[in-house]
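What follows is the content of upload.tsv, which has TSV, C-alpha atoms and all ligand atoms:
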```
chain	number	residue	atom	x	y	z
A	1	MET	CA	8.81	-32.36	10.58
A	2	THR	CA	12.24	-31.68	9.05
A	3	THR	CA	14.47	-28.77	9.88
A	4	LEU	CA	17.00	-27.06	7.62
A	5	LEU	CA	20.16	-25.34	8.84
A	6	LEU	CA	21.70	-22.66	6.63
A	7	THR	CA	25.21	-22.26	7.93
A	8	ASN	CA	28.48	-20.49	7.15
A	9	ILE	CA	26.53	-17.31	6.32
A	10	GLY	CA	29.18	-14.59	6.02
A	11	GLU	CA	26.65	-11.82	6.67
A	12	LEU	CA	23.01	-12.31	7.64
A	13	THR	CA	20.52	-9.42	7.47
A	14	THR	CA	17.49	-10.20	9.62
A	15	HIS	CA	16.24	-6.62	10.23
A	16	ASP	CA	16.04	-7.47	13.93
A	17	PRO	CA	16.23	-4.03	15.56
A	18	ASP	CA	17.95	-5.60	18.60
A	19	ALA	CA	20.73	-7.13	16.46
A	20	GLY	CA	22.32	-3.75	15.69
A	21	GLY	CA	22.88	-4.62	12.02
A	22	PRO	CA	23.75	-7.75	10.03
A	23	LEU	CA	25.18	-10.78	11.88
A	24	ARG	CA	28.60	-12.10	10.83
A	25	ASP	CA	29.46	-15.82	10.61
A	26	ALA	CA	25.86	-16.65	11.19
A	27	ALA	CA	23.38	-19.48	10.76
A	28	LEU	CA	19.62	-19.71	10.35
A	29	VAL	CA	17.28	-22.62	11.03
A	30	VAL	CA	14.07	-23.18	9.04
A	31	GLU	CA	11.19	-25.17	10.47
A	32	ARG	CA	7.77	-25.53	8.81
A	33	GLY	CA	8.70	-22.91	6.22
A	34	ALA	CA	9.49	-20.25	8.82
A	35	VAL	CA	12.61	-18.92	10.51
A	36	ALA	CA	13.00	-20.84	13.77
A	37	TRP	CA	16.43	-19.63	14.95
A	38	THR	CA	19.18	-17.19	13.93
A	39	GLY	CA	22.53	-16.57	15.59
A	40	PRO	CA	26.25	-17.29	15.49
A	41	ALA	CA	27.03	-20.36	13.36
A	42	ARG	CA	29.08	-21.96	16.14
A	43	GLN	CA	26.01	-21.97	18.42
A	44	ALA	CA	23.55	-23.31	15.86
A	45	PRO	CA	21.32	-26.17	16.96
A	46	ALA	CA	21.36	-29.48	15.12
A	47	ALA	CA	18.98	-29.84	12.16
A	48	ASP	CA	17.86	-32.64	9.84
A	49	THR	CA	19.62	-31.18	6.81
A	50	SER	CA	22.21	-28.51	6.42
A	51	TYR	CA	23.31	-26.18	3.64
A	52	ASP	CA	26.69	-24.46	3.76
A	53	VAL	CA	26.38	-21.14	1.90
A	54	GLY	CA	30.15	-20.71	1.72
A	55	GLY	CA	30.54	-17.40	3.54
A	56	ARG	CA	28.07	-15.59	1.28
A	57	ALA	CA	25.60	-12.92	2.37
A	58	VAL	CA	21.94	-13.76	3.03
A	59	VAL	CA	19.19	-11.15	2.89
A	60	PRO	CA	15.39	-11.30	3.16
A	61	GLY	CA	13.65	-11.91	-0.17
A	62	PHE	CA	12.63	-8.68	-1.88
A	63	VAL	CA	9.01	-7.56	-1.47
A	64	ASP	CA	7.99	-5.84	-4.69
A	65	SER	CA	4.84	-4.02	-3.60
A	66	HIS	CA	3.98	-2.37	-6.92
A	67	SER	CA	3.84	-4.00	-10.36
A	68	HIS	CA	1.58	-4.08	-13.40
A	69	LEU	CA	2.17	-7.55	-14.84
A	70	MET	CA	-1.27	-8.18	-16.40
A	71	PHE	CA	-0.67	-6.97	-19.94
A	72	ALA	CA	0.16	-8.07	-23.46
A	73	GLY	CA	2.61	-6.60	-25.95
A	74	ASP	CA	5.32	-4.05	-25.27
A	75	ARG	CA	6.08	-0.39	-26.00
A	76	ALA	CA	9.71	-0.53	-27.03
A	77	GLU	CA	9.10	2.02	-29.82
A	78	GLU	CA	7.59	4.45	-27.32
A	79	PHE	CA	10.68	3.99	-25.14
A	80	ALA	CA	12.98	4.66	-28.09
A	81	ALA	CA	11.04	7.83	-28.96
A	82	ARG	CA	11.25	8.94	-25.34
A	83	MET	CA	15.00	8.51	-25.30
A	84	THR	CA	15.20	10.91	-28.26
A	85	GLY	CA	13.00	13.57	-26.73
A	86	THR	CA	9.28	12.60	-26.69
A	87	PRO	CA	8.06	13.07	-23.09
A	88	TYR	CA	6.26	10.30	-21.19
A	89	SER	CA	2.50	10.75	-20.82
A	90	ALA	CA	-0.25	8.71	-19.16
A	91	GLY	CA	-1.93	8.33	-22.58
A	92	GLY	CA	0.49	5.54	-23.63
A	93	ILE	CA	-1.43	3.23	-21.28
A	94	ARG	CA	-4.18	3.01	-23.95
A	95	THR	CA	-1.77	1.28	-26.37
A	96	THR	CA	-1.32	-1.54	-23.86
A	97	VAL	CA	-5.06	-1.62	-23.14
A	98	ALA	CA	-5.75	-2.42	-26.80
A	99	ALA	CA	-3.14	-5.21	-26.84
A	100	THR	CA	-4.36	-6.64	-23.53
A	101	ARG	CA	-8.00	-6.75	-24.60
A	102	ALA	CA	-6.97	-8.62	-27.76
A	103	ALA	CA	-4.94	-11.26	-25.85
A	104	THR	CA	-6.23	-14.66	-24.76
A	105	ASP	CA	-6.28	-15.73	-21.12
A	106	GLU	CA	-3.45	-18.15	-21.94
A	107	GLN	CA	-1.30	-15.37	-23.39
A	108	LEU	CA	-1.87	-13.16	-20.34
A	109	ALA	CA	-1.09	-16.03	-17.98
A	110	ALA	CA	2.07	-16.94	-19.91
A	111	ASN	CA	3.33	-13.35	-19.80
A	112	LEU	CA	2.61	-13.18	-16.07
A	113	THR	CA	4.50	-16.43	-15.44
A	114	ARG	CA	7.45	-15.25	-17.53
A	115	LEU	CA	7.70	-12.01	-15.56
A	116	THR	CA	7.18	-13.48	-12.09
A	117	GLU	CA	9.85	-16.10	-12.81
A	118	GLU	CA	12.15	-13.33	-14.02
A	119	MET	CA	11.48	-11.47	-10.75
A	120	ARG	CA	12.13	-14.56	-8.67
A	121	ARG	CA	15.49	-15.16	-10.33
A	122	GLN	CA	16.38	-11.64	-9.18
A	123	GLY	CA	15.39	-12.29	-5.57
A	124	THR	CA	11.76	-11.18	-5.37
A	125	THR	CA	9.78	-13.53	-3.13
A	126	THR	CA	6.57	-11.49	-2.68
A	127	VAL	CA	4.98	-9.50	-5.49
A	128	GLU	CA	1.89	-7.34	-5.78
A	129	VAL	CA	0.19	-7.41	-9.20
A	130	LYS	CA	-2.33	-4.86	-10.50
A	131	SER	CA	-4.99	-5.00	-13.15
A	132	GLY	CA	-5.50	-1.79	-15.13
A	133	TYR	CA	-4.91	-2.67	-18.78
A	134	GLY	CA	-8.33	-4.23	-19.39
A	135	LEU	CA	-10.70	-1.42	-18.38
A	136	THR	CA	-13.86	-3.39	-19.15
A	137	VAL	CA	-15.72	-5.48	-16.57
A	138	ARG	CA	-14.64	-8.69	-18.29
A	139	ASP	CA	-11.04	-7.71	-18.94
A	140	GLU	CA	-10.37	-6.37	-15.45
A	141	ALA	CA	-11.98	-9.40	-13.76
A	142	ARG	CA	-10.07	-11.92	-15.87
A	143	ALA	CA	-6.78	-10.10	-15.24
A	144	LEU	CA	-7.32	-10.34	-11.48
A	145	ALA	CA	-8.50	-13.94	-11.63
A	146	ILE	CA	-5.28	-14.87	-13.48
A	147	ALA	CA	-3.08	-12.80	-11.16
A	148	ARG	CA	-4.70	-14.46	-8.13
A	149	GLN	CA	-3.20	-17.76	-9.25
A	150	VAL	CA	0.31	-16.48	-8.56
A	151	THR	CA	-0.05	-14.01	-5.69
A	152	ALA	CA	-2.41	-13.09	-2.86
A	153	GLU	CA	-1.43	-9.42	-3.31
A	154	THR	CA	-3.71	-8.46	-6.18
A	155	THR	CA	-4.91	-4.91	-6.81
A	156	PHE	CA	-7.96	-3.69	-8.73
A	157	LEU	CA	-6.84	-0.71	-10.85
A	158	GLY	CA	-9.88	-0.15	-13.06
A	159	ALA	CA	-9.19	3.57	-12.46
A	160	HIS	CA	-5.92	3.53	-14.41
A	161	VAL	CA	-7.05	5.78	-17.29
A	162	VAL	CA	-10.40	6.52	-18.91
A	163	PRO	CA	-10.60	4.10	-21.87
A	164	PRO	CA	-11.28	5.49	-25.37
A	165	GLU	CA	-14.94	4.40	-25.45
A	166	TYR	CA	-15.62	6.64	-22.41
A	167	ALA	CA	-13.53	9.60	-23.63
A	168	ASP	CA	-16.61	11.85	-23.68
A	169	ASP	CA	-18.03	10.51	-20.42
A	170	PRO	CA	-15.35	10.14	-17.73
A	171	GLY	CA	-18.04	10.33	-15.02
A	172	GLY	CA	-19.79	7.37	-16.62
A	173	TYR	CA	-16.52	5.43	-16.51
A	174	VAL	CA	-16.07	6.16	-12.78
A	175	ASP	CA	-19.64	4.87	-12.27
A	176	LEU	CA	-18.70	1.67	-14.12
A	177	VAL	CA	-15.53	1.25	-12.03
A	178	THR	CA	-17.31	1.84	-8.71
A	179	GLY	CA	-20.30	-0.30	-9.74
A	180	PRO	CA	-20.30	-3.41	-11.95
A	181	MET	CA	-16.53	-3.54	-12.48
A	182	LEU	CA	-15.79	-3.45	-8.75
A	183	GLU	CA	-18.52	-6.04	-8.16
A	184	ALA	CA	-16.87	-8.42	-10.64
A	185	CYS	CA	-13.30	-7.75	-9.49
A	186	ALA	CA	-13.61	-7.63	-5.69
A	187	PRO	CA	-13.60	-11.44	-5.25
A	188	TYR	CA	-10.15	-11.63	-6.82
A	189	ALA	CA	-8.55	-8.53	-5.26
A	190	ARG	CA	-7.10	-7.57	-1.89
A	191	TRP	CA	-6.42	-3.93	-2.81
A	192	VAL	CA	-8.05	-1.07	-4.73
A	193	ASP	CA	-5.93	1.58	-6.45
A	194	ALA	CA	-6.39	4.63	-8.69
A	195	PHE	CA	-4.05	6.76	-10.82
A	196	CYS	CA	-4.59	10.26	-9.37
A	197	GLU	CA	-2.85	12.48	-11.91
A	198	THR	CA	-3.53	15.05	-14.62
A	199	GLY	CA	-4.64	13.03	-17.65
A	200	ALA	CA	-6.01	10.21	-15.48
A	201	PHE	CA	-8.32	10.77	-12.43
A	202	ASP	CA	-8.75	13.80	-10.16
A	203	ALA	CA	-8.93	13.66	-6.37
A	204	ASP	CA	-12.73	13.42	-6.20
A	205	GLN	CA	-12.82	10.58	-8.72
A	206	ALA	CA	-9.99	8.74	-6.96
A	207	ARG	CA	-11.71	9.22	-3.59
A	208	ALA	CA	-14.95	7.77	-4.99
A	209	VAL	CA	-13.10	4.70	-6.32
A	210	LEU	CA	-11.18	4.11	-3.09
A	211	ARG	CA	-14.26	4.54	-0.90
A	212	ALA	CA	-16.30	2.16	-3.08
A	213	GLY	CA	-13.49	-0.40	-2.94
A	214	GLU	CA	-13.20	-0.09	0.83
A	215	ALA	CA	-16.95	-0.59	1.17
A	216	LYS	CA	-16.41	-3.92	-0.65
A	217	GLY	CA	-13.68	-4.95	1.78
A	218	LEU	CA	-10.66	-3.95	-0.32
A	219	ARG	CA	-7.83	-1.87	1.15
A	220	GLY	CA	-6.77	1.30	-0.61
A	221	ARG	CA	-3.47	2.34	-2.18
A	222	LEU	CA	-2.86	5.12	-4.67
A	223	HIS	CA	-0.68	6.24	-7.59
A	224	ALA	CA	0.04	9.89	-6.83
A	225	ASN	CA	2.33	12.85	-7.56
A	226	GLN	CA	4.17	10.97	-10.33
A	227	LEU	CA	4.15	13.44	-13.21
A	228	GLY	CA	3.72	16.67	-11.27
A	229	PRO	CA	2.53	18.09	-7.96
A	230	GLY	CA	-1.05	17.16	-7.12
A	231	PRO	CA	-3.59	16.28	-4.45
A	232	GLY	CA	-2.98	12.51	-4.38
A	233	VAL	CA	-0.60	12.25	-1.43
A	234	GLN	CA	-2.89	14.41	0.74
A	235	LEU	CA	-5.85	12.26	-0.31
A	236	ALA	CA	-3.97	9.07	0.61
A	237	CYS	CA	-3.11	10.50	4.02
A	238	GLU	CA	-6.67	11.78	4.56
A	239	LEU	CA	-8.03	8.29	3.87
A	240	GLY	CA	-5.33	6.62	5.99
A	241	LEU	CA	-4.17	4.41	3.12
A	242	THR	CA	-1.47	1.80	3.72
A	243	ALA	CA	0.68	3.12	0.88
A	244	VAL	CA	0.90	5.89	-1.70
A	245	ASP	CA	3.14	5.23	-4.64
A	246	HIS	CA	5.51	7.29	-6.87
A	247	CYS	CA	5.70	10.45	-4.66
A	248	THR	CA	8.05	12.11	-7.13
A	249	TYR	CA	6.73	15.68	-6.80
A	250	LEU	CA	6.08	16.41	-3.10
A	251	SER	CA	5.50	19.63	-1.19
A	252	ALA	CA	6.71	20.11	2.39
A	253	GLU	CA	3.07	19.63	3.46
A	254	ASP	CA	2.94	16.29	1.65
A	255	VAL	CA	6.07	15.12	3.48
A	256	ASP	CA	4.60	16.26	6.81
A	257	ALA	CA	1.31	14.47	6.14
A	258	LEU	CA	3.13	11.21	5.31
A	259	ALA	CA	5.22	11.48	8.48
A	260	THR	CA	2.15	12.17	10.61
A	261	THR	CA	-0.15	9.49	9.24
A	262	GLY	CA	2.41	6.70	8.75
A	263	THR	CA	1.25	6.01	5.19
A	264	THR	CA	4.19	4.33	3.42
A	265	ALA	CA	5.67	6.30	0.51
A	266	THR	CA	6.62	3.78	-2.20
A	267	LEU	CA	9.37	5.09	-4.43
A	268	LEU	CA	9.80	3.61	-7.91
A	269	PRO	CA	13.17	4.82	-9.19
A	270	GLY	CA	13.05	2.56	-12.25
A	271	VAL	CA	10.32	4.89	-13.55
A	272	GLU	CA	12.48	8.00	-13.30
A	273	PHE	CA	15.37	6.08	-14.89
A	274	SER	CA	13.19	4.83	-17.75
A	275	THR	CA	11.38	8.11	-18.36
A	276	ARG	CA	14.48	10.27	-17.77
A	277	SER	CA	12.72	12.26	-15.06
A	278	PRO	CA	13.89	13.80	-11.78
A	279	TYR	CA	14.07	11.30	-8.92
A	280	PRO	CA	11.95	11.70	-5.77
A	281	ASP	CA	13.57	13.33	-2.76
A	282	ALA	CA	14.07	10.21	-0.67
A	283	ARG	CA	16.29	12.05	1.82
A	284	ALA	CA	13.54	14.54	2.67
A	285	LEU	CA	11.18	11.63	3.32
A	286	LEU	CA	13.62	9.55	5.38
A	287	ASP	CA	14.87	12.53	7.36
A	288	ALA	CA	11.25	13.43	8.22
A	289	GLY	CA	10.66	9.89	9.51
A	290	VAL	CA	8.39	8.73	6.66
A	291	GLN	CA	8.16	4.96	6.06
A	292	VAL	CA	9.70	4.37	2.63
A	293	ALA	CA	9.38	1.36	0.33
A	294	LEU	CA	11.13	0.64	-2.96
A	295	ALA	CA	9.33	-1.26	-5.71
A	296	SER	CA	9.82	-1.94	-9.42
A	297	ASP	CA	6.52	-0.68	-10.95
A	298	CYS	CA	7.28	-3.24	-13.67
A	299	ASN	CA	5.03	-2.33	-16.62
A	300	PRO	CA	5.48	-2.03	-20.40
A	301	GLY	CA	5.24	1.79	-20.43
A	302	SER	CA	6.96	3.83	-17.75
A	303	CYS	CA	9.37	1.16	-16.49
A	304	TYR	CA	9.94	-2.29	-17.94
A	305	THR	CA	12.36	-3.62	-15.35
A	306	SER	CA	11.57	-6.48	-12.97
A	307	SER	CA	14.80	-6.02	-11.03
A	308	MET	CA	14.72	-5.02	-7.37
A	309	PRO	CA	18.55	-5.04	-7.27
A	310	LEU	CA	18.46	-2.33	-9.98
A	311	CYS	CA	15.98	-0.32	-7.87
A	312	ILE	CA	18.31	-0.60	-4.87
A	313	ALA	CA	21.29	0.55	-6.91
A	314	LEU	CA	19.33	3.53	-8.30
A	315	ALA	CA	18.04	4.48	-4.84
A	316	VAL	CA	21.58	4.54	-3.50
A	317	ARG	CA	23.29	6.23	-6.45
A	318	GLU	CA	20.55	8.63	-7.55
A	319	MET	CA	18.42	9.21	-4.44
A	320	ARG	CA	21.11	9.25	-1.77
A	321	MET	CA	19.65	6.45	0.26
A	322	SER	CA	22.31	4.53	2.19
A	323	PRO	CA	22.74	0.90	1.09
A	324	ALA	CA	21.16	-0.17	4.41
A	325	GLU	CA	18.15	2.13	3.89
A	326	ALA	CA	17.68	0.89	0.34
A	327	LEU	CA	17.81	-2.79	1.33
A	328	ALA	CA	15.36	-2.15	4.18
A	329	ALA	CA	12.99	-0.26	1.84
A	330	ALA	CA	13.09	-3.11	-0.72
A	331	THR	CA	12.26	-5.74	1.91
A	332	LEU	CA	10.73	-4.47	5.16
A	333	GLY	CA	9.37	-1.34	3.48
A	334	GLY	CA	7.63	-3.35	0.77
A	335	ALA	CA	6.11	-5.60	3.43
A	336	ARG	CA	4.79	-2.55	5.31
A	337	ALA	CA	3.37	-1.20	2.06
A	338	LEU	CA	1.38	-4.43	1.81
A	339	GLY	CA	0.40	-4.48	5.48
A	340	ARG	CA	2.42	-7.68	6.00
A	341	ASP	CA	4.59	-8.56	8.99
A	342	ASP	CA	5.41	-12.14	7.98
A	343	VAL	CA	7.74	-11.21	5.10
A	344	GLY	CA	10.49	-8.64	4.43
A	345	HIS	CA	12.59	-9.69	7.45
A	346	LEU	CA	14.19	-12.85	8.86
A	347	ARG	CA	13.37	-12.57	12.52
A	348	VAL	CA	12.14	-15.74	14.23
A	349	GLY	CA	8.61	-16.50	13.03
A	350	ALA	CA	8.97	-14.84	9.61
A	351	ALA	CA	8.49	-16.80	6.40
A	352	ALA	CA	11.85	-18.29	5.39
A	353	ASP	CA	11.86	-16.27	2.16
A	354	LEU	CA	15.48	-15.38	1.55
A	355	VAL	CA	18.19	-14.72	-0.98
A	356	VAL	CA	21.75	-16.06	-0.97
A	357	LEU	CA	23.92	-13.48	-2.71
A	358	ASP	CA	27.04	-14.27	-4.68
A	359	ALA	CA	28.77	-11.64	-2.56
A	360	PRO	CA	30.16	-11.30	0.96
A	361	SER	CA	27.83	-8.41	1.84
A	362	TYR	CA	24.47	-6.86	0.87
A	363	LEU	CA	26.48	-3.71	0.08
A	364	HIS	CA	27.36	-5.34	-3.24
A	365	LEU	CA	23.73	-4.93	-4.41
A	366	ALA	CA	24.46	-1.23	-4.93
A	367	TYR	CA	28.24	-1.48	-5.30
A	368	ARG	CA	28.02	-3.90	-8.28
A	369	PRO	CA	25.06	-2.59	-10.29
A	370	GLY	CA	23.88	-4.74	-13.18
A	371	VAL	CA	25.72	-7.84	-11.94
A	372	PRO	CA	23.59	-10.98	-11.37
A	373	LEU	CA	24.37	-11.44	-7.66
A	374	VAL	CA	21.36	-13.60	-6.77
A	375	ARG	CA	22.74	-17.11	-6.36
A	376	GLU	CA	19.82	-18.87	-4.73
A	377	VAL	CA	16.27	-17.98	-3.67
A	378	LEU	CA	14.29	-19.82	-0.99
A	379	VAL	CA	10.54	-19.39	-0.45
A	380	ALA	CA	9.21	-20.88	2.79
A	381	GLY	CA	12.60	-22.55	3.11
A	382	ARG	CA	12.47	-24.30	-0.27
A	383	PRO	CA	14.78	-23.49	-3.20
A	384	VAL	CA	12.81	-21.97	-6.08
A	385	THR	CA	15.58	-21.06	-8.52
B	401	LIG	O1	2.76	3.25	-12.50
B	401	LIG	N1	1.29	5.59	-13.43
B	401	LIG	C1	0.48	4.85	-13.95
B	401	LIG	N2	0.68	3.62	-14.37
B	401	LIG	C2	1.96	3.05	-14.67
B	401	LIG	C3	2.38	3.32	-16.05
B	401	LIG	C4	1.63	2.57	-17.00
B	401	LIG	C5	2.01	2.70	-18.45
B	401	LIG	O2	2.63	3.68	-18.91
B	401	LIG	O3	1.62	1.77	-19.14
B	401	LIG	C6	2.96	3.54	-13.66
B	401	LIG	O4	3.97	4.18	-14.00
B	402	FE	FE	2.26	1.90	-11.22
```
Take the structure from the file and write it as structure tokens.
Ligand code: NIG
Ligand code: FE
Amino acid sequence: MTTLLLTNIGELTTHDPDAGGPLRDAALVVERGAVAWTGPARQAPAADTSYDVGGRAVVPGFVDSHSHLMFAGDRAEEFAARMTGTPYSAGGIRTTVAATRAATDEQLAANLTRLTEEMRRQGTTTVEVKSGYGLTVRDEARALAIARQVTAETTFLGAHVVPPEYADDPGGYVDLVTGPMLEACAPYARWVDAFCETGAFDADQARAVLRAGEAKGLRGRLHANQLGPGPGVQLACELGLTAVDHCTYLSAEDVDALATTGTTATLLPGVEFSTRSPYPDARALLDAGVQVALASDCNPGSCYTSSMPLCIALAVREMRMSPAEALAAATLGGARALGRDDVGHLRVGAAADLVVLDAPSYLHLAYRPGVPLVREVLVAGRPVT
């Protein structure tokens, strides 16, 4: 068994509530892929190998709890039209469905690898990946089987939109999703999700999908209140879901329900940036004691960024989260949104998934937007960049 000592850490964020904030002049020991010790560098125990990070900041790897990486093609023209006035609508998803159905398994896998490597270079060490651009039994199942090769956090999103061949029979499509499609997808998925929004699925349809998924052993999460007010957040709270995502248009009752049930509200500020929409009221959520996560929502339509540092910068600048709140939401919050306690922090026992920043402090993630500050990424204590 070999141990690794990371030393000369200028600022170490562990998210240990007893530490009272980041540690200065710190060190961290990795043993068997997990954090075995943290503390002042001058008190660090001996280890088999050591790595001097030169006074730089170290933070937990980002936990991106919401992405749609199983697709082919892009929608750059749609983005350009949006920037000159065409509003975003859920219907654009069908363009990507057509391209995804036409792609080979190899093309889908190559696109997934390209995007997960891009994420990793920007500090993401855990990523959730959804299906949702296949919308046939075969295309949803193959998307999840491919995604399963790169992450354990896979989500069945057959209820993304009603595909064109079911335009006149949305009820028939929900029957397909809750029946044969779920049957084929459940072996490759940990989560079940639905897009509860005008133009996609209503609350009763989303409830049916989530309940069917839960009966198959999947855990529920939901896209809700993205494009306007709606019943999705209340439904997520009623069902006791782990996370409800977007949360852009919330009523006071929605905020109360989230605070009471402990369902994590996942905010996706890259979407508001890329669709030129109002940002969610993160302050109302945080001040009410709601658990908040930040994630990328990386997808070819509403938000084609893979960058968690960008999401942190947007959360701070546009949503009035403090830099500490934004970093916590992008790490610990994402882990909570995935029901994980082994990632998103660097307390003893956690996975040694961490990022060495080319900066003296995590504050620079928001202070220096757009700058590639990720110098090195370790997963289970091993360099991956
Ligand atoms: O999370 N909201 C639904 N699904 C994606 C958008 C997908 C698309 O436009 O292709 C989202 O924003
Ligand atoms: Fe999404």
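For Val209 in chain A, the residues within 10 Å (counting only C-alpha atoms, excluding itself and residues fewer than 6 positions away along the chain) are Leu157, Gly158, Ala159, Val174, Asp175, Val177, Thr178, Gly179, Leu182, Val192, Asp193, Ala194, Phe201, Ala203, Ala215 and Gly220 of chain A.
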Which residues are close to Thr264 in chain A, i.e. within 6 Å by all atoms listed in the file, leaving aside same-chain residues fewer than 2 positions away? Reply as a short mmCIF file (atom, residue, chain, number, x, y, z; two decimals) with C-alpha atoms, in the coordinates of the input.
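This is the output file around-v3.cif:
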```cif
data_model
loop_
_atom_site.label_atom_id
_atom_site.label_comp_id
_atom_site.auth_asym_id
_atom_site.auth_seq_id
_atom_site.Cartn_x
_atom_site.Cartn_y
_atom_site.Cartn_z
CA ALA A 243 0.68 3.12 0.88
CA GLN A 291 8.16 4.96 6.06
CA VAL A 292 9.70 4.37 2.63
CA ALA A 337 3.37 -1.20 2.06
#
```
Expected answer as an mmCIF file with C-alpha atoms, in the frame of the given file: all residues with atoms within 12 Å of (-2.0, 4.9, -22.8), all atoms listed in the file:
```cif
data_model
loop_
_atom_site.group_PDB
_atom_site.id
_atom_site.type_symbol
_atom_site.label_atom_id
_atom_site.label_comp_id
_atom_site.auth_asym_id
_atom_site.auth_seq_id
_atom_site.Cartn_x
_atom_site.Cartn_y
_atom_site.Cartn_z
ATOM 1 C CA ASP A 74 5.320 -4.050 -25.270
ATOM 2 C CA ARG A 75 6.080 -0.390 -26.000
ATOM 3 C CA GLU A 78 7.590 4.450 -27.320
ATOM 4 C CA TYR A 88 6.260 10.300 -21.190
ATOM 5 C CA SER A 89 2.500 10.750 -20.820
ATOM 6 C CA ALA A 90 -0.250 8.710 -19.160
ATOM 7 C CA GLY A 91 -1.930 8.330 -22.580
ATOM 8 C CA GLY A 92 0.490 5.540 -23.630
ATOM 9 C CA ILE A 93 -1.430 3.230 -21.280
ATOM 10 C CA ARG A 94 -4.180 3.010 -23.950
ATOM 11 C CA THR A 95 -1.770 1.280 -26.370
ATOM 12 C CA THR A 96 -1.320 -1.540 -23.860
ATOM 13 C CA VAL A 97 -5.060 -1.620 -23.140
ATOM 14 C CA ALA A 98 -5.750 -2.420 -26.800
ATOM 15 C CA ALA A 99 -3.140 -5.210 -26.840
ATOM 16 C CA THR A 100 -4.360 -6.640 -23.530
ATOM 17 C CA GLY A 132 -5.500 -1.790 -15.130
ATOM 18 C CA TYR A 133 -4.910 -2.670 -18.780
ATOM 19 C CA GLY A 134 -8.330 -4.230 -19.390
ATOM 20 C CA LEU A 135 -10.700 -1.420 -18.380
ATOM 21 C CA HIS A 160 -5.920 3.530 -14.410
ATOM 22 C CA VAL A 161 -7.050 5.780 -17.290
ATOM 23 C CA VAL A 162 -10.400 6.520 -18.910
ATOM 24 C CA PRO A 163 -10.600 4.100 -21.870
ATOM 25 C CA PRO A 164 -11.280 5.490 -25.370
ATOM 26 C CA GLY A 199 -4.640 13.030 -17.650
ATOM 27 C CA ALA A 200 -6.010 10.210 -15.480
ATOM 28 C CA ASN A 299 5.030 -2.330 -16.620
ATOM 29 C CA PRO A 300 5.480 -2.030 -20.400
ATOM 30 C CA GLY A 301 5.240 1.790 -20.430
ATOM 31 C CA SER A 302 6.960 3.830 -17.750
#
```
- Item | Contact residues around Thr14 in chain A with only C-alpha atoms at 8 Å, ignoring same-chain residues under 6 positions, as a PyMOL selection string | chain A and resi 22+59-60+345-347
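When only C-alpha atoms are used to measure the gap to Asp297 in chain A, the shortest distance among A:Gly270, A:Gly240, A:Pro309, A:Pro17 belongs to A:Gly270.
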- Distance criterion (only C-alpha atoms): nearest to Arg101 in chain A out of A:Ala141, A:Leu23, A:Ala76, A:Leu286: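 Selected residue with least distance to Arg101 in chain A: A:Ala141.
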- Please tell me which residues are no farther than 10 Å from (0.2, 16.4, -8.2) in the file, counting all atoms listed in the file, and write them as number ranges by chain. A: 196-198, 202-203, 224-234, 247-251
- Query: When the cut-off is 9 Å and you count all atoms listed in the file, which residues lie near ligand FE 402 (chain B), shown as a ChimeraX atom specification?
  - Reply: /A:66-68,130,160,195,222-223,245-246,268,271,296-299,302-303
- Message: If I take CA of Ala147 in chain A and CA of Asp204 in chain A, how far is one from the other in Å, to one decimal?
- Response: 28.4 Å
- Write out as an MDAnalysis selection string each polymer residue whose atoms come within 9 Å of Arg190 in chain A, counting only C-alpha atoms; drop sequence neighbours fewer than 5 positions from it. chainID A and resid 152:156 217:220
Residues of the last selection are to be written out with C-alpha atoms, as a PDB file, keeping the file's coordinate frame.
```pdb
ATOM      1  CA  ALA A 152      -2.410 -13.090  -2.860  1.00  0.00           C
ATOM      2  CA  GLU A 153      -1.430  -9.420  -3.310  1.00  0.00           C
ATOM      3  CA  THR A 154      -3.710  -8.460  -6.180  1.00  0.00           C
ATOM      4  CA  THR A 155      -4.910  -4.910  -6.810  1.00  0.00           C
ATOM      5  CA  PHE A 156      -7.960  -3.690  -8.730  1.00  0.00           C
ATOM      6  CA  GLY A 217     -13.680  -4.950   1.780  1.00  0.00           C
ATOM      7  CA  LEU A 218     -10.660  -3.950  -0.320  1.00  0.00           C
ATOM      8  CA  ARG A 219      -7.830  -1.870   1.150  1.00  0.00           C
ATOM      9  CA  GLY A 220      -6.770   1.300  -0.610  1.00  0.00           C
TER      10      GLY A 220
END
```
- Query: Which one is closest to ligand LIG 401 (chain B): A:Leu115, A:Leu4, A:Val356, A:Leu69? Count only C-alpha atoms and all ligand atoms.
  - Reply: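 Smallest separation from ligand LIG 401 (chain B) among the options: A:Leu69.
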Six-sided padding of 8 Å per side, axis-aligned box over ligand LIG 401 (chain B), centre and edges in Å, one decimal, as AutoDock Vina command-line options:
```
--center_x 2.2 --center_y 3.7 --center_z -15.8 --size_x 19.5 --size_y 19.8 --size_z 22.6
```
